[in-house]
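Report on one structure; see the data block that follows.
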2 protein chains.
Amino acid sequence: MKVTSYQKYRKILVAVDCIIFGFDGSQVQALLIKRRFEPEKGKWSLMGGFVGEKENAEEAATRVLRQLTGIKNIYMEQLATFSDVNRDSAGRVISIAYFALINIEDYDHKLQREHEAKWFLLSRLPPLIFDHKEMVMKAKERLREKVVAHPVGFELLPAKFTLPQLQSLYEAIYNAPLDKRNFTKKILSLGVLKKLDEKERQSSRKGAFLYVFDSRKDQKMQADGVKFI
Amino acid sequence: MKVTSYQKYRKILVAVDCIIFGFDGSQVQALLIKRRFEPEKGKWSLMGGFVGEKENAEEAATRVLRQLTGIKNIYMEQLATFSDVNRDSAGRVISIAYFALINIEDYDHKLQREHEAKWFLLSRLPPLIFDHKEMVMKAKERLREKVVAHPVGFELLPAKFTLPQLQSLYEAIYNAPLDKRNFTKKILSLGVLKKLDEKERQSSRKGAFLYVFDSRKDQKMQADGVKFI
DNA sequence: TCAAAAGTGTTCTAGATACACCCATGT
DNA sequence: ACATGGGTGTATCTAGAACACTTTTGA
């Protein structure tokens with residue numbers, strides 16, 4: 001039985017916008033699309049959508065992410081809600097922003113073409129519509145904070161990766177160089193990596209050993225509250 | 001000129017809810033009210049309200065906080081948005097939760113009576129309506145994270161406070177005892193406290209020196225990224 | 001004079017930092 | 001043979017943790 005005490009209040013359009021980060025081996029990038037409808041049609045924008053009647057914001061964001069990337073199990077978390085009265089030039093819309101981390105390799109390139117999507121270096125973002133730039137900046141900040149205490153960085157890498165790749169990722173996130181020996185020592189001491197008997201040989205003659213993330217060990221560590229890098 | 005491309009989407013009621021933390025000298029508490037309208041009238045609830053046409057969520061939360069506490073400059077930040085389809089039994093409402101820290105002394109007791117508000121120990125919360133319990137738990141977690149790197153704890157204390165009071169606050173937030181000597185050493189080494197020539201004598205015969213928070217020093221420290229406790 | 005809380009220093013330990021050379025391989 | 005990136009160990013420094021006694025004063 002519905003009660004009616006809320007009837008006098010004005011409803012508002014509710015959207016989600018997704019900040020999608022990827023890592024190309026040396027830089028962190030964000031995935032943007034060319035907006036296909038008015039207002040601001042043709043401008044660069046985050047991928048977004050409206051929250052439907054029968055879904056919560058997380059479901060809406062998951063749907064939007066799958067539409068764009070084709071990936072089902074994506075690392076995603078709520079960032080913040082943006083609600084300024086005039087943030088959208090076409091009317092009152094609040095937007096719940098989510099940030100997501102994906103492995104660029106998993107990304108479906110057909111979908112990329114379909115959506116006119118493009119990866120941009122965080123340091124070279126094009127002008128974005130509305131408050132989307134602010135969203136990206138906030139997401140970048142959150143990623144940095146997050147990475148200190150949680151192993152989210154691995155989401156950005158392929159399943160098998162080398163220590164130099166992992167180090168580059170952390171250097172890109174912190175925007176600062178790290179000492180190779182100290183990095184190796186610390187990351188291995190966490191005990192969440194499993195060394196494979198296999199080498200990656202694209203990037204050097206000697207080749208670098210591949211590792212995989214061992215999520216069982218990670219769970220134990222999360223419980224103990226260990227810090228990453 | 002308004003464009004109309006959003007017309008086909010369904011609008012949603014948007015509310016804010018405020019988790020208000022206070023500190024009574026030994027325990028962290030949350031301020032709750034008895035809900036005065038249906039549904040769930042008479043049950044314990046967070047203080048909330050709807051986001052109006054001409055305000056953003058932060059303005060709405062500030063308004064709600066002032067209504068309840070009478071305090072104007074309140075420490076507040078956005079926590080998260082809760083959007084489950086059936087979270088409110090009276091219809092689809094999403095809620096943007098804010099958490100706020102106040103000094104219990106600043107609190108206007110007339111308003112407290114007016115709203116049938118009451119402080120509850122975090123360890124002894126009554127049953128709460130909807131998803132408000134989840135909101136409080138998330139806020140508690142955020143407070144703990146926050147306090148590590150930012151001097152937000154001071155918001156919970158009166159302007160003049162003693163080191164033992166400050167220590168009790170941190171012990172309450174961490175829910176763990178701290179060593180008095182290590183605590184004193186560290187907090188003073190931060191250089192954000194100014195010792196007064198005045199003693200507080202309620203809680204001991206010897207009396208404890210009062211301190212004030214020196215925000216100029218704090219700003220410098222924030223820039224340098226120092227950690228609290 | 002004693003009960004109750006405030007105040008105060010030193011030692012030990014673990015984690016972070018700084019730092020330089022050899023290795024494996026393709027060309 | 002050499003250029004390129006991969007891999008490895010040690011010494012130092014710093015921050016955090018552990019730990020106990022003296023001081024003040026009102027009752």
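So you can find residues: chains in the structure tokens are A, B, ... in the order shown, residues in each start at 1, and ligands are numbered from 1 in order.
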
Among range 2-150 of chain A, which residues does DSSP mark as strand (DSSP E or B) when it is run on the backbone? Keep the chain and numbering as in the structure and answer as an MDAnalysis selection string.
chainID A and resid 12:23 28:34 44:45 47:50 75:82 93:101 117:121 128

Write down, as a ChimeraX atom specification, each residue of chain D that has any atom within 8 Å of an atom of chain A, counting only C-alpha atoms (C1' of nucleotides).
/D:4-6,8

Could you dump the residues just selected with N, CA, C and O atoms (P, O5', C5', C4', C3', O3' and C1' of nucleotides) as a short mmCIF file (atom, residue, chain, number, x, y, z; two decimals), in the first residue's frame?
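Listing of part-v1.cif after writing:
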data_model
loop_
_atom_site.label_atom_id
_atom_site.label_comp_id
_atom_site.auth_asym_id
_atom_site.auth_seq_id
_atom_site.Cartn_x
_atom_site.Cartn_y
_atom_site.Cartn_z
P DT D 4 70.77 1.17 -26.40
"O5'" DT D 4 69.73 0.16 -25.77
"C5'" DT D 4 69.03 -0.80 -26.59
"C4'" DT D 4 68.23 -1.69 -25.67
"C3'" DT D 4 67.66 -0.96 -24.45
"O3'" DT D 4 66.27 -1.22 -24.37
"C1'" DT D 4 68.81 -2.93 -23.80
P DG D 5 65.28 -0.19 -23.60
"O5'" DG D 5 64.86 -1.02 -22.31
"C5'" DG D 5 63.96 -2.12 -22.51
"C4'" DG D 5 64.30 -3.21 -21.54
"C3'" DG D 5 63.84 -2.94 -20.10
"O3'" DG D 5 63.00 -3.99 -19.71
"C1'" DG D 5 66.06 -3.77 -20.17
P DG D 6 62.63 -4.35 -18.25
"O5'" DG D 6 63.67 -5.53 -17.97
"C5'" DG D 6 63.46 -6.79 -18.57
"C4'" DG D 6 64.01 -7.90 -17.69
"C3'" DG D 6 63.39 -7.95 -16.29
"O3'" DG D 6 63.25 -9.33 -15.93
"C1'" DG D 6 65.72 -7.43 -16.12
P DT D 8 65.50 -11.95 -9.06
"O5'" DT D 8 66.66 -11.32 -8.16
"C5'" DT D 8 67.95 -11.91 -8.21
"C4'" DT D 8 68.95 -10.97 -7.57
"C3'" DT D 8 68.70 -10.66 -6.10
"O3'" DT D 8 69.84 -11.03 -5.37
"C1'" DT D 8 69.23 -8.72 -7.29
#

Might you pull out every residue within 10 Å of range 10-22 of chain C, with only C-alpha atoms (C1' of nucleotides) counted and same-chain residues fewer than 3 positions away left off, and present them as a list in words?
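Here the qualifying residues turn out to be Asp179, Arg181, Asn182 and Lys186 of chain A; DG7, DT8, DT10, DA11, DT12, DC13, DT14, DA15, DG16, DA17, DA18 and DC19 of chain D.
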
Pull the helix (DSSP H, G or I) assignments for range 7-187 of chain A out of DSSP run on the backbone, and list those residues as a ChimeraX atom specification.
/A:57-69,104-106,109-114,122-124,132-149,151-156,163-174,180-187

Could those selected residues go to a file with C-alpha atoms, as a PDB file, in the first residue's frame?
ATOM      1  CA  ALA A  57      22.276   3.233  -9.677  1.00  0.00           C
ATOM      2  CA  GLU A  58      24.815   0.436  -9.512  1.00  0.00           C
ATOM      3  CA  GLU A  59      22.788  -1.670 -11.912  1.00  0.00           C
ATOM      4  CA  ALA A  60      22.481   1.285 -14.254  1.00  0.00           C
ATOM      5  CA  ALA A  61      26.227   1.883 -14.141  1.00  0.00           C
ATOM      6  CA  THR A  62      26.944  -1.804 -14.765  1.00  0.00           C
ATOM      7  CA  ARG A  63      24.594  -1.756 -17.731  1.00  0.00           C
ATOM      8  CA  VAL A  64      26.262   1.346 -19.147  1.00  0.00           C
ATOM      9  CA  LEU A  65      29.702  -0.170 -18.690  1.00  0.00           C
ATOM     10  CA  ARG A  66      28.721  -3.353 -20.437  1.00  0.00           C
ATOM     11  CA  GLN A  67      27.194  -1.429 -23.314  1.00  0.00           C
ATOM     12  CA  LEU A  68      30.445   0.386 -23.872  1.00  0.00           C
ATOM     13  CA  THR A  69      33.083  -2.213 -23.118  1.00  0.00           C
ATOM     14  CA  ILE A 104      42.489  -2.496 -22.038  1.00  0.00           C
ATOM     15  CA  GLU A 105      43.004  -5.918 -23.607  1.00  0.00           C
ATOM     16  CA  ASP A 106      39.565  -7.078 -22.505  1.00  0.00           C
ATOM     17  CA  HIS A 109      36.898  -2.883 -30.218  1.00  0.00           C
ATOM     18  CA  LYS A 110      33.702  -3.266 -32.197  1.00  0.00           C
ATOM     19  CA  LEU A 111      31.908  -1.530 -29.368  1.00  0.00           C
ATOM     20  CA  GLN A 112      34.596   1.123 -29.307  1.00  0.00           C
ATOM     21  CA  ARG A 113      33.943   1.991 -32.952  1.00  0.00           C
ATOM     22  CA  GLU A 114      30.199   1.851 -32.496  1.00  0.00           C
ATOM     23  CA  LEU A 122      44.784  11.885 -18.118  1.00  0.00           C
ATOM     24  CA  SER A 123      47.271  14.619 -18.832  1.00  0.00           C
ATOM     25  CA  ARG A 124      45.735  15.299 -22.262  1.00  0.00           C
ATOM     26  CA  HIS A 132      32.626  15.657 -16.432  1.00  0.00           C
ATOM     27  CA  LYS A 133      36.137  17.013 -16.072  1.00  0.00           C
ATOM     28  CA  GLU A 134      35.542  17.457 -12.372  1.00  0.00           C
ATOM     29  CA  MET A 135      34.321  13.870 -12.206  1.00  0.00           C
ATOM     30  CA  VAL A 136      37.453  12.570 -13.876  1.00  0.00           C
ATOM     31  CA  MET A 137      39.697  14.567 -11.567  1.00  0.00           C
ATOM     32  CA  LYS A 138      37.901  13.288  -8.526  1.00  0.00           C
ATOM     33  CA  ALA A 139      38.144   9.723  -9.812  1.00  0.00           C
ATOM     34  CA  LYS A 140      41.868  10.112 -10.383  1.00  0.00           C
ATOM     35  CA  GLU A 141      42.290  11.300  -6.816  1.00  0.00           C
ATOM     36  CA  ARG A 142      40.228   8.399  -5.517  1.00  0.00           C
ATOM     37  CA  LEU A 143      42.260   5.887  -7.487  1.00  0.00           C
ATOM     38  CA  ARG A 144      45.419   7.229  -5.901  1.00  0.00           C
ATOM     39  CA  GLU A 145      43.960   6.965  -2.388  1.00  0.00           C
ATOM     40  CA  LYS A 146      42.524   3.552  -3.048  1.00  0.00           C
ATOM     41  CA  VAL A 147      45.657   2.011  -4.409  1.00  0.00           C
ATOM     42  CA  VAL A 148      47.548   2.622  -1.158  1.00  0.00           C
ATOM     43  CA  ALA A 149      45.512   0.100   0.802  1.00  0.00           C
ATOM     44  CA  PRO A 151      45.131  -4.218  -4.635  1.00  0.00           C
ATOM     45  CA  VAL A 152      42.897  -2.535  -7.194  1.00  0.00           C
ATOM     46  CA  GLY A 153      45.832  -1.802  -9.465  1.00  0.00           C
ATOM     47  CA  PHE A 154      45.733  -5.348 -10.764  1.00  0.00           C
ATOM     48  CA  GLU A 155      42.372  -4.674 -12.392  1.00  0.00           C
ATOM     49  CA  LEU A 156      44.155  -2.462 -14.883  1.00  0.00           C
ATOM     50  CA  LEU A 163      57.016  -6.731 -12.485  1.00  0.00           C
ATOM     51  CA  PRO A 164      58.272  -3.878 -14.689  1.00  0.00           C
ATOM     52  CA  GLN A 165      54.706  -3.465 -16.034  1.00  0.00           C
ATOM     53  CA  LEU A 166      53.298  -3.410 -12.526  1.00  0.00           C
ATOM     54  CA  GLN A 167      55.888  -0.881 -11.476  1.00  0.00           C
ATOM     55  CA  SER A 168      55.061   1.335 -14.453  1.00  0.00           C
ATOM     56  CA  LEU A 169      51.428   1.219 -13.417  1.00  0.00           C
ATOM     57  CA  TYR A 170      52.181   2.375  -9.906  1.00  0.00           C
ATOM     58  CA  GLU A 171      54.503   5.040 -11.242  1.00  0.00           C
ATOM     59  CA  ALA A 172      51.722   6.264 -13.509  1.00  0.00           C
ATOM     60  CA  ILE A 173      49.191   6.343 -10.671  1.00  0.00           C
ATOM     61  CA  TYR A 174      51.542   8.119  -8.280  1.00  0.00           C
ATOM     62  CA  LYS A 180      63.036  -0.957  -8.828  1.00  0.00           C
ATOM     63  CA  ARG A 181      64.655  -2.934  -6.016  1.00  0.00           C
ATOM     64  CA  ASN A 182      62.471  -1.494  -3.279  1.00  0.00           C
ATOM     65  CA  PHE A 183      59.373  -1.986  -5.383  1.00  0.00           C
ATOM     66  CA  THR A 184      60.172  -5.618  -6.132  1.00  0.00           C
ATOM     67  CA  LYS A 185      61.033  -6.334  -2.527  1.00  0.00           C
ATOM     68  CA  LYS A 186      57.830  -4.885  -1.198  1.00  0.00           C
ATOM     69  CA  ILE A 187      55.394  -6.235  -3.751  1.00  0.00           C
TER      70      ILE A 187
END

Residues of chain B that have any atom at most 8 Å from an atom of chain A: could you tabulate them with the shortest-distance atom pair and the distance in Å to one decimal, using only C-alpha atoms, ordered by chain and increasing number, as JSON lines?
{"residue": "B:Lys2", "atom": "CA", "partner": "A:Ala90", "partner_atom": "CA", "distance": 5.4}
{"residue": "B:Val3", "atom": "CA", "partner": "A:Ala90", "partner_atom": "CA", "distance": 5.5}
{"residue": "B:Thr4", "atom": "CA", "partner": "A:Ala90", "partner_atom": "CA", "distance": 7.3}
{"residue": "B:Ser5", "atom": "CA", "partner": "A:Glu38", "partner_atom": "CA", "distance": 6.5}
{"residue": "B:Tyr6", "atom": "CA", "partner": "A:Ala90", "partner_atom": "CA", "distance": 7.9}
{"residue": "B:Tyr9", "atom": "CA", "partner": "A:Phe50", "partner_atom": "CA", "distance": 7.2}
{"residue": "B:Arg10", "atom": "CA", "partner": "A:Leu13", "partner_atom": "CA", "distance": 6.7}
{"residue": "B:Lys11", "atom": "CA", "partner": "A:Leu13", "partner_atom": "CA", "distance": 4.4}
{"residue": "B:Ile12", "atom": "CA", "partner": "A:Lys11", "partner_atom": "CA", "distance": 4.8}
{"residue": "B:Leu13", "atom": "CA", "partner": "A:Lys11", "partner_atom": "CA", "distance": 4.4}
{"residue": "B:Val14", "atom": "CA", "partner": "A:Ile12", "partner_atom": "CA", "distance": 6.7}
{"residue": "B:Phe37", "atom": "CA", "partner": "A:Ser5", "partner_atom": "CA", "distance": 7.6}
{"residue": "B:Glu38", "atom": "CA", "partner": "A:Ser5", "partner_atom": "CA", "distance": 6.5}
{"residue": "B:Pro39", "atom": "CA", "partner": "A:Val3", "partner_atom": "CA", "distance": 6.8}
{"residue": "B:Phe50", "atom": "CA", "partner": "A:Tyr9", "partner_atom": "CA", "distance": 7.2}
{"residue": "B:Gly52", "atom": "CA", "partner": "A:Arg10", "partner_atom": "CA", "distance": 7.0}
{"residue": "B:Glu53", "atom": "CA", "partner": "A:Arg10", "partner_atom": "CA", "distance": 6.9}
{"residue": "B:Lys54", "atom": "CA", "partner": "A:Val85", "partner_atom": "CA", "distance": 6.3}
{"residue": "B:Glu55", "atom": "CA", "partner": "A:Val85", "partner_atom": "CA", "distance": 6.1}
{"residue": "B:Asn56", "atom": "CA", "partner": "A:Asp84", "partner_atom": "CA", "distance": 4.8}
{"residue": "B:Ala57", "atom": "CA", "partner": "A:Ser83", "partner_atom": "CA", "distance": 5.9}
{"residue": "B:Gln78", "atom": "CA", "partner": "A:Ala80", "partner_atom": "CA", "distance": 7.4}
{"residue": "B:Leu79", "atom": "CA", "partner": "A:Ala80", "partner_atom": "CA", "distance": 7.8}
{"residue": "B:Ala80", "atom": "CA", "partner": "A:Ala80", "partner_atom": "CA", "distance": 6.3}
{"residue": "B:Thr81", "atom": "CA", "partner": "A:Thr81", "partner_atom": "CA", "distance": 6.8}
{"residue": "B:Ser83", "atom": "CA", "partner": "A:Asn56", "partner_atom": "CA", "distance": 5.1}
{"residue": "B:Asp84", "atom": "CA", "partner": "A:Asn56", "partner_atom": "CA", "distance": 4.8}
{"residue": "B:Val85", "atom": "CA", "partner": "A:Asn56", "partner_atom": "CA", "distance": 5.7}
{"residue": "B:Ser89", "atom": "CA", "partner": "A:Lys2", "partner_atom": "CA", "distance": 7.6}
{"residue": "B:Ala90", "atom": "CA", "partner": "A:Lys2", "partner_atom": "CA", "distance": 5.3}
{"residue": "B:Gly91", "atom": "CA", "partner": "A:Lys2", "partner_atom": "CA", "distance": 6.9}
{"residue": "B:Ile96", "atom": "CA", "partner": "A:Thr81", "partner_atom": "CA", "distance": 7.5}

Proximity of chain C to chain A: per-residue shortest pair, 8 Å limit, only C-alpha atoms (C1' of nucleotides), as a Markdown table:
| residue | atom | partner | partner_atom | distance |
| --- | --- | --- | --- | --- |
| C:DA24 | C1' | A:Lys206 | CA | 4.7 |
| C:DT25 | C1' | A:Arg205 | CA | 4.8 |
| C:DG26 | C1' | A:Arg205 | CA | 5.9 |

Using only C-alpha atoms (C1' of nucleotides), determine which residues lie at most 7 Å from Phe23 in chain B, disregarding the query and same-chain residues fewer than 4 positions distant; provide the list as an NGL selection string.
:B and (27-29 or 103-104 or 156-157)
